[in-house]
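Here's my_file06.cif, which has mmCIF, C-alpha atoms:
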data_entry
#
loop_
_atom_site.label_atom_id
_atom_site.label_comp_id
_atom_site.auth_asym_id
_atom_site.auth_seq_id
_atom_site.Cartn_x
_atom_site.Cartn_y
_atom_site.Cartn_z
CA MET A 389 25.14 -19.24 11.89
CA THR A 390 24.26 -21.61 14.70
CA GLU A 391 23.37 -18.89 17.19
CA SER A 392 19.85 -17.57 17.64
CA ILE A 393 18.39 -15.82 14.62
CA ASP A 394 17.02 -12.34 15.22
CA VAL A 395 13.69 -12.07 13.36
CA VAL A 396 11.77 -8.81 13.15
CA GLY A 397 8.04 -9.53 13.01
CA ILE A 398 5.89 -6.95 11.22
CA VAL A 399 2.13 -7.05 11.74
CA GLY A 400 0.09 -5.36 9.00
CA SER A 401 -2.89 -4.29 11.12
CA LEU A 402 -2.78 -1.57 13.77
CA ARG A 403 -5.90 -2.71 15.59
CA ARG A 404 -5.09 -3.76 19.16
CA GLN A 405 -7.00 -7.02 18.97
CA SER A 406 -6.19 -7.69 15.34
CA PHE A 407 -6.26 -11.26 14.10
CA SER A 408 -2.87 -10.70 12.49
CA HIS A 409 -1.34 -9.73 15.81
CA ARG A 410 -2.84 -12.77 17.52
CA LEU A 411 -1.55 -14.96 14.71
CA ALA A 412 1.93 -13.42 14.96
CA LEU A 413 1.99 -14.30 18.68
CA ALA A 414 0.81 -17.80 17.87
CA LEU A 415 3.47 -18.20 15.18
CA ALA A 416 6.14 -17.09 17.64
CA SER A 417 4.87 -19.67 20.15
CA VAL A 418 5.49 -22.53 17.72
CA ALA A 419 8.77 -21.22 16.28
CA PRO A 420 11.84 -23.42 16.77
CA GLY A 421 14.23 -22.41 19.52
CA GLY A 422 16.70 -21.04 17.01
CA LEU A 423 14.38 -18.17 16.08
CA SER A 424 13.94 -15.14 18.31
CA ILE A 425 10.92 -13.15 17.11
CA ASP A 426 10.52 -9.49 18.03
CA LEU A 427 7.25 -7.84 16.96
CA VAL A 428 8.20 -4.32 15.94
CA PRO A 429 5.31 -1.82 15.81
CA ILE A 430 4.72 0.28 12.70
CA GLY A 431 1.82 2.50 13.83
CA GLY A 432 4.09 5.34 14.93
CA LEU A 433 5.72 5.83 11.54
CA ALA A 434 4.63 9.05 9.83
CA LEU A 435 3.61 8.73 6.18
CA TYR A 436 6.72 8.58 4.03
CA ASN A 437 7.58 11.86 2.34
CA GLN A 438 10.86 12.19 0.51
CA ASP A 439 11.08 15.82 1.62
CA ASP A 440 11.71 14.52 5.16
CA ASP A 441 14.75 12.43 4.16
CA ALA A 442 17.07 15.30 5.06
CA GLU A 443 15.85 15.29 8.66
CA PRO A 444 14.05 12.00 9.20
CA PRO A 445 11.66 11.69 12.15
CA THR A 446 13.10 9.71 15.07
CA PRO A 447 10.64 6.79 14.63
CA TRP A 448 11.80 6.39 11.02
CA ARG A 449 15.44 6.24 12.12
CA GLU A 450 14.75 3.79 14.93
CA PHE A 451 12.67 1.54 12.68
CA ARG A 452 15.33 1.50 9.97
CA GLU A 453 18.05 0.71 12.51
CA ARG A 454 16.00 -2.10 14.05
CA VAL A 455 15.35 -3.70 10.66
CA ARG A 456 18.99 -3.28 9.66
CA ARG A 457 20.16 -5.17 12.76
CA ALA A 458 17.78 -8.09 12.09
CA ASP A 459 18.75 -11.35 10.43
CA ALA A 460 15.34 -11.91 8.88
CA VAL A 461 11.78 -10.57 8.66
CA LEU A 462 8.41 -12.24 9.22
CA PHE A 463 5.41 -10.44 7.73
CA VAL A 464 1.96 -11.26 9.12
CA THR A 465 -0.76 -9.34 7.36
CA PRO A 466 -4.45 -8.99 6.69
CA GLU A 467 -5.85 -7.81 3.38
CA TYR A 468 -7.36 -4.35 2.98
CA ASN A 469 -9.09 -3.69 -0.31
CA ARG A 470 -7.36 -6.63 -2.05
CA SER A 471 -3.86 -5.42 -1.14
CA ILE A 472 -1.72 -4.91 1.93
CA PRO A 473 -2.79 -2.28 4.48
CA GLY A 474 -1.53 1.25 3.90
CA ALA A 475 0.24 1.11 7.27
CA LEU A 476 2.29 -1.91 6.18
CA LYS A 477 3.11 -0.41 2.79
CA ASN A 478 4.18 2.77 4.55
CA ALA A 479 6.51 0.80 6.83
CA ILE A 480 8.00 -0.85 3.76
CA ASP A 481 8.49 2.52 2.09
CA VAL A 482 10.04 4.08 5.22
CA GLY A 483 12.44 1.15 5.60
CA SER A 484 13.42 1.30 1.95
CA ARG A 485 14.69 4.87 2.01
CA PRO A 486 16.69 7.08 1.66
CA TYR A 487 17.43 5.93 -1.87
CA GLY A 488 20.25 3.41 -1.93
CA GLN A 489 20.14 2.80 1.83
CA SER A 490 17.29 0.32 2.17
CA ALA A 491 17.24 -1.46 5.51
CA TRP A 492 15.46 -4.46 3.94
CA SER A 493 18.01 -5.42 1.33
CA GLY A 494 19.10 -9.04 1.40
CA LYS A 495 17.09 -10.04 4.50
CA PRO A 496 15.41 -13.43 4.12
CA CYS A 497 11.71 -13.26 4.90
CA ALA A 498 8.41 -15.08 5.03
CA VAL A 499 4.85 -13.92 4.41
CA VAL A 500 1.88 -15.25 6.37
CA SER A 501 -1.47 -13.70 5.50
CA CYS A 502 -4.79 -14.20 7.24
CA SER A 503 -8.45 -13.28 7.11
CA PRO A 504 -11.68 -14.26 8.82
CA GLY A 505 -12.94 -15.14 5.34
CA SER A 506 -11.98 -18.16 3.31
CA GLN A 507 -9.24 -16.79 1.07
CA GLY A 508 -6.65 -16.02 3.73
CA ALA A 509 -5.70 -12.63 2.24
CA PHE A 510 -4.20 -14.14 -0.88
CA GLY A 511 -4.37 -10.77 -2.65
CA ALA A 512 -2.38 -9.03 0.07
CA ASN A 513 0.12 -11.87 0.28
CA HIS A 514 1.00 -11.63 -3.40
CA HIS A 515 1.02 -7.85 -3.61
CA LEU A 516 3.56 -7.95 -0.82
CA ARG A 517 5.61 -10.52 -2.72
CA GLN A 518 5.85 -8.15 -5.69
CA CYS A 519 7.35 -5.51 -3.38
CA LEU A 520 9.84 -8.04 -2.02
CA VAL A 521 11.29 -8.49 -5.51
CA PHE A 522 12.35 -4.87 -5.68
CA LEU A 523 13.46 -4.88 -2.03
CA ASN A 524 15.80 -7.81 -2.77
CA MET A 525 14.40 -9.86 0.10
CA PRO A 526 14.70 -13.60 -0.54
CA VAL A 527 11.23 -14.84 0.40
CA MET A 528 10.39 -18.38 1.45
CA GLN A 529 8.35 -19.87 -1.37
CA GLN A 530 7.02 -23.01 0.36
CA PRO A 531 5.04 -23.63 2.37
CA GLU A 532 2.70 -20.80 1.40
CA ALA A 533 0.51 -19.64 4.30
CA TYR A 534 -2.93 -18.21 3.67
CA ILE A 535 -4.76 -18.61 6.98
CA GLY A 536 -8.49 -18.34 6.27
CA GLY A 537 -11.05 -18.39 9.07
CA VAL A 538 -8.37 -17.07 11.41
CA ASP A 539 -10.95 -15.79 13.90
CA LYS A 540 -11.83 -19.40 14.68
CA LEU A 541 -8.25 -20.70 14.82
CA VAL A 542 -6.39 -18.38 17.22
CA ASP A 543 -7.67 -16.90 20.47
CA GLU A 544 -7.20 -13.45 21.98
CA GLN A 545 -4.08 -14.56 23.82
CA GLY A 546 -2.42 -15.72 20.63
CA LYS A 547 -2.92 -19.44 21.26
CA PHE A 548 -3.93 -21.84 18.52
CA THR A 549 -7.38 -23.23 19.25
CA ASN A 550 -7.19 -25.60 16.31
CA PRO A 551 -4.43 -28.23 16.67
CA SER A 552 -3.98 -28.84 12.93
CA THR A 553 -3.48 -25.10 12.31
CA GLY A 554 -0.92 -25.11 15.08
CA GLU A 555 0.93 -28.03 13.48
CA PHE A 556 0.80 -26.40 10.05
CA CYS A 557 2.22 -23.16 11.48
CA ARG A 558 4.89 -25.07 13.39
CA GLY A 559 5.98 -26.47 10.04
CA VAL A 560 5.93 -23.01 8.48
CA MET A 561 8.24 -21.68 11.18
CA SER A 562 10.60 -24.67 10.98
CA SER A 563 10.84 -24.23 7.23
CA PHE A 564 11.46 -20.54 7.78
CA GLU A 565 14.41 -21.26 10.04
CA ARG A 566 15.90 -23.62 7.44
CA TRP A 567 15.31 -21.02 4.72
CA ILE A 568 17.03 -18.28 6.69
CA ARG A 569 20.06 -20.46 7.45
CA ALA A 570 20.29 -21.60 3.83
CA VAL A 571 20.08 -18.10 2.40
CA ARG A 572 22.42 -16.49 4.91
CA SER A 573 25.10 -19.17 5.01
CA PRO A 574 28.27 -18.08 3.20
CA MET B 163 -25.43 14.80 -16.55
CA THR B 164 -24.54 17.74 -18.80
CA GLU B 165 -23.33 19.97 -15.95
CA SER B 166 -19.69 20.12 -14.86
CA ILE B 167 -18.33 16.89 -13.44
CA ASP B 168 -16.69 17.14 -10.02
CA VAL B 169 -13.48 15.07 -10.12
CA VAL B 170 -11.39 14.50 -7.02
CA GLY B 171 -7.73 14.18 -7.99
CA ILE B 172 -5.54 12.06 -5.70
CA VAL B 173 -1.78 12.35 -6.01
CA GLY B 174 0.18 9.38 -4.67
CA SER B 175 3.35 11.22 -3.65
CA LEU B 176 3.57 13.67 -0.74
CA ARG B 177 6.74 15.35 -1.95
CA ARG B 178 6.12 19.03 -2.66
CA GLN B 179 7.79 18.99 -6.06
CA SER B 180 6.70 15.48 -6.96
CA PHE B 181 6.46 14.53 -10.60
CA SER B 182 3.01 13.08 -9.93
CA HIS B 183 1.78 16.41 -8.62
CA ARG B 184 3.20 18.24 -11.62
CA LEU B 185 1.60 15.71 -13.92
CA ALA B 186 -1.75 16.05 -12.14
CA LEU B 187 -1.63 19.81 -12.72
CA ALA B 188 -0.73 19.21 -16.35
CA LEU B 189 -3.58 16.72 -16.78
CA ALA B 190 -6.01 19.26 -15.31
CA SER B 191 -4.74 21.87 -17.77
CA VAL B 192 -5.69 19.72 -20.77
CA ALA B 193 -8.97 18.39 -19.35
CA PRO B 194 -12.13 19.21 -21.28
CA GLY B 195 -14.27 22.04 -19.92
CA GLY B 196 -16.80 19.58 -18.57
CA LEU B 197 -14.37 18.29 -15.94
CA SER B 198 -13.60 20.25 -12.79
CA ILE B 199 -10.55 18.71 -11.10
CA ASP B 200 -9.86 19.33 -7.42
CA LEU B 201 -6.59 17.94 -6.09
CA VAL B 202 -7.38 16.70 -2.59
CA PRO B 203 -4.34 16.21 -0.31
CA ILE B 204 -3.83 12.91 1.52
CA GLY B 205 -0.74 13.68 3.60
CA GLY B 206 -2.75 14.71 6.67
CA LEU B 207 -4.56 11.38 7.02
CA ALA B 208 -3.39 9.36 10.03
CA LEU B 209 -2.65 5.70 9.38
CA TYR B 210 -5.90 3.76 9.26
CA ASN B 211 -6.66 1.88 12.47
CA GLN B 212 -10.03 0.23 12.88
CA ASP B 213 -9.94 1.07 16.59
CA ASP B 214 -10.42 4.72 15.59
CA ASP B 215 -13.64 4.09 13.65
CA ALA B 216 -15.72 4.90 16.73
CA GLU B 217 -14.26 8.41 16.91
CA PRO B 218 -12.64 9.09 13.55
CA PRO B 219 -10.09 11.90 13.29
CA THR B 220 -11.44 15.05 11.62
CA PRO B 221 -9.20 14.70 8.53
CA TRP B 222 -10.63 11.21 7.94
CA ARG B 223 -14.20 12.53 8.11
CA GLU B 224 -13.45 15.47 5.84
CA PHE B 225 -11.68 13.28 3.31
CA ARG B 226 -14.52 10.75 3.23
CA GLU B 227 -17.09 13.51 2.82
CA ARG B 228 -15.13 15.13 0.01
CA VAL B 229 -14.82 11.85 -1.87
CA ARG B 230 -18.48 11.03 -1.28
CA ARG B 231 -19.53 14.35 -2.87
CA ALA B 232 -17.40 13.75 -5.99
CA ASP B 233 -18.69 12.41 -9.29
CA ALA B 234 -15.42 10.70 -10.17
CA VAL B 235 -11.80 10.17 -9.10
CA LEU B 236 -8.52 10.64 -10.94
CA PHE B 237 -5.51 8.84 -9.46
CA VAL B 238 -2.03 10.07 -10.41
CA THR B 239 0.67 8.01 -8.80
CA PRO B 240 4.33 7.08 -8.77
CA GLU B 241 5.58 3.62 -7.93
CA TYR B 242 7.25 2.85 -4.60
CA ASN B 243 8.80 -0.59 -4.30
CA ARG B 244 6.79 -1.98 -7.23
CA SER B 245 3.44 -0.95 -5.73
CA ILE B 246 1.54 2.20 -4.86
CA PRO B 247 2.94 4.47 -2.14
CA GLY B 248 1.86 3.70 1.42
CA ALA B 249 0.32 7.16 1.65
CA LEU B 250 -1.98 6.43 -1.30
CA LYS B 251 -2.93 3.00 0.00
CA ASN B 252 -3.69 4.56 3.36
CA ALA B 253 -5.98 7.14 1.73
CA ILE B 254 -7.77 4.30 -0.05
CA ASP B 255 -8.17 2.41 3.22
CA VAL B 256 -9.40 5.49 5.10
CA GLY B 257 -11.95 6.26 2.38
CA SER B 258 -13.16 2.67 2.31
CA ARG B 259 -14.18 2.53 5.98
CA PRO B 260 -16.07 2.14 8.28
CA TYR B 261 -17.09 -1.23 6.93
CA GLY B 262 -20.07 -0.95 4.61
CA GLN B 263 -19.77 2.85 4.26
CA SER B 264 -17.05 3.19 1.63
CA ALA B 265 -16.90 6.67 0.10
CA TRP B 266 -15.41 5.23 -3.11
CA SER B 267 -18.17 2.84 -4.08
CA GLY B 268 -19.47 3.27 -7.61
CA LYS B 269 -17.33 6.29 -8.52
CA PRO B 270 -15.91 6.08 -12.02
CA CYS B 271 -12.16 6.62 -12.03
CA ALA B 272 -8.98 6.69 -14.07
CA VAL B 273 -5.40 5.78 -13.20
CA VAL B 274 -2.39 7.64 -14.57
CA SER B 275 0.99 6.45 -13.33
CA CYS B 276 4.37 8.03 -13.91
CA SER B 277 8.06 7.59 -13.25
CA PRO B 278 11.32 9.17 -14.32
CA GLY B 279 12.30 5.70 -15.55
CA SER B 280 11.04 3.98 -18.63
CA GLN B 281 8.25 1.80 -17.23
CA GLY B 282 5.90 4.55 -16.10
CA ALA B 283 5.06 2.87 -12.79
CA PHE B 284 3.28 -0.03 -14.44
CA GLY B 285 3.52 -2.06 -11.21
CA ALA B 286 1.82 0.63 -9.14
CA ASN B 287 -0.84 1.20 -11.78
CA HIS B 288 -1.92 -2.43 -11.77
CA HIS B 289 -1.72 -2.92 -8.01
CA LEU B 290 -4.09 0.02 -7.73
CA ARG B 291 -6.41 -1.56 -10.31
CA GLN B 292 -6.69 -4.67 -8.14
CA CYS B 293 -7.88 -2.49 -5.23
CA LEU B 294 -10.44 -0.79 -7.49
CA VAL B 295 -12.13 -4.13 -8.11
CA PHE B 296 -12.97 -4.51 -4.45
CA LEU B 297 -13.83 -0.82 -4.11
CA ASN B 298 -16.39 -1.18 -6.92
CA MET B 299 -14.94 1.76 -8.84
CA PRO B 300 -15.50 1.42 -12.57
CA VAL B 301 -12.06 2.24 -13.98
CA MET B 302 -11.38 3.51 -17.48
CA GLN B 303 -9.63 0.69 -19.31
CA GLN B 304 -8.39 2.56 -22.38
CA PRO B 305 -6.31 4.50 -22.99
CA GLU B 306 -3.87 3.18 -20.41
CA ALA B 307 -1.43 5.84 -19.20
CA TYR B 308 2.05 4.88 -18.04
CA ILE B 309 4.05 8.11 -18.31
CA GLY B 310 7.74 7.15 -18.35
CA GLY B 311 10.47 9.79 -18.37
CA VAL B 312 8.03 12.18 -16.70
CA ASP B 313 10.86 14.39 -15.42
CA LYS B 314 11.56 15.40 -19.00
CA LEU B 315 7.93 15.85 -20.07
CA VAL B 316 6.38 18.16 -17.45
CA ASP B 317 7.96 21.23 -15.85
CA GLU B 318 7.81 22.48 -12.26
CA GLN B 319 4.75 24.59 -13.01
CA GLY B 320 2.81 21.59 -14.29
CA LYS B 321 3.13 22.47 -17.97
CA PHE B 322 3.80 19.88 -20.63
CA THR B 323 7.19 20.51 -22.18
CA ASN B 324 6.66 17.79 -24.77
CA PRO B 325 3.78 18.51 -27.17
CA SER B 326 3.05 14.88 -28.02
CA THR B 327 2.73 13.98 -24.32
CA GLY B 328 0.35 16.90 -23.94
CA GLU B 329 -1.75 15.65 -26.85
CA PHE B 330 -1.75 12.10 -25.48
CA CYS B 331 -2.88 13.35 -22.07
CA ARG B 332 -5.55 15.58 -23.66
CA GLY B 333 -6.92 12.41 -25.21
CA VAL B 334 -6.77 10.59 -21.88
CA MET B 335 -8.80 13.31 -20.21
CA SER B 336 -11.36 13.49 -23.04
CA SER B 337 -11.80 9.74 -22.85
CA PHE B 338 -12.16 10.03 -19.10
CA GLU B 339 -15.00 12.53 -19.47
CA ARG B 340 -16.79 10.22 -21.90
CA TRP B 341 -16.21 7.28 -19.55
CA ILE B 342 -17.65 9.13 -16.55
CA ARG B 343 -20.74 10.23 -18.49
CA ALA B 344 -21.29 6.73 -19.86
CA VAL B 345 -20.95 5.03 -16.48
CA ARG B 346 -23.01 7.53 -14.53
CA SER B 347 -25.87 7.98 -17.01
CA PRO B 348 -29.05 6.27 -15.84
#

When written as structure tokens, how does the structure in this file appear?
Amino acid sequence: MTESIDVVGIVGSLRRQSFSHRLALALASVAPGGLSIDLVPIGGLALYNQDDDAEPPTPWREFRERVRRADAVLFVTPEYNRSIPGALKNAIDVGSRPYGQSAWSGKPCAVVSCSPGSQGAFGANHHLRQCLVFLNMPVMQQPEAYIGGVDKLVDEQGKFTNPSTGEFCRGVMSSFERWIRAVRSP
Amino acid sequence: MTESIDVVGIVGSLRRQSFSHRLALALASVAPGGLSIDLVPIGGLALYNQDDDAEPPTPWREFRERVRRADAVLFVTPEYNRSIPGALKNAIDVGSRPYGQSAWSGKPCAVVSCSPGSQGAFGANHHLRQCLVFLNMPVMQQPEAYIGGVDKLVDEQGKFTNPSTGEFCRGVMSSFERWIRAVRSP
């Protein structure tokens, strides 16, 4: 796999000016040329209900197909109540069904969490990692990325305002490319 | 507090015939007379988006008001992808906002998790407990309730088909009443 790698980026917050969205843009801006990052929205996905599996809503089908086409997944998430946002968990649930047809299975991924506070959404980051076990998504272990004080590190246009954060995130994305190529090589 | 205790019951699955819903009915049927259990649906809550806090959707306001009126909360949940369902996490997020006005704060609660498999949704149960820390909801520690094989223990009408499960759950609900009265007494 020397061609460009198609990465679906999932942002855990639905807020238009969310720090996670800004950070996702900033991460994309420092990604190596081999990664193509497409931020796929999750706010239009109805709450998962197994009763709807027989006739899934169009946004569910489109989301599942988009994830299925991807080579890898980048999660960028805040923490809500010491876990991942309900909207992100719902996207995970929607993508994982119908039973036995998960769109996530086998996709290499990375988790970057962020908060204005000091802990960088550690609780959300690791709750998400527990889900990734079941989803069979090989997740990059190092470097871990808990971006605390994110409101002071990335601006509204998704540009790093702190050079050392930018360098750290450049390293995260380079490692992610190597991880994806290692996991997906035959 | 010797009067009846108003308990909001939250079921984590939206499926009409969900095992969690059946189990919630069964738990209500063996609850002591001092507990009044009202199953409050969560499927009509739009995904939480902070941008909507200024003009919250009516279902959000009604849900928050209902929780705020309650003396206590009973969570009955399956496990989706080794965590709680997105729909349940979303209900938690909706009830916890706007910032500083959480409807959950201080409400004593209990968590009962269930699965057709053998582990009884242990992963979901404990992810939920991590959220309860932040929500400041004093949660009953013992007895823990991980109801494995639930499909063989409760019928479609929410009746226990296994007497020992019924007795165990009767004990859970009696302990829950004692817990609520202990936590809420001045």

**OP:** Would you list the contacts of Gly171 (chain B) as a list in words, taking every protein, DNA or RNA residue within 10 Å and counting all atoms listed in the file, but skipping same-chain residues closer than 5 positions in sequence?
**Re:** His183, Ala186, Leu187, Ala190, Ser198, Ile199, Asp200, Leu201, Val202, Pro203, Val229, Ala232, Ala234, Val235, Leu236, Phe237, Val238, Cys271 and Ala272 of chain B

**OP:** Starting from chain B, keep only residues with some atom at most 7 Å from an atom of chain A, counting all atoms listed in the file, and report them as a list in words.
**Re:**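 Putting it all together, I get Leu176, Arg177, Leu209, Tyr210, Asn211, Gln212, Asp213, Tyr242, Asn243, Arg244, Ser245, Pro247, Gly248, Ala249, Lys251, Asn252, Asp255, Gln292, Cys293, Phe296 and Leu297 of chain B.
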
**OP:** Please indicate the distance in Å from CA of Arg558 (chain A) to CA of Arg457 (chain A), rounded to one decimal place.
**Re:** 25.1 Å

Subject >> Residue members of the PyMOL selection byres ((chain B and resi 195) around 12) in the file shown, as a count of residues only >> reply: 18

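Relative to CA of Ser552 (chain A), CA of Pro531 (chain A) is found at 14.8 Å.
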
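Relative to CA of Ser347 (chain B), CA of Ala188 (chain B) is found at 27.5 Å.
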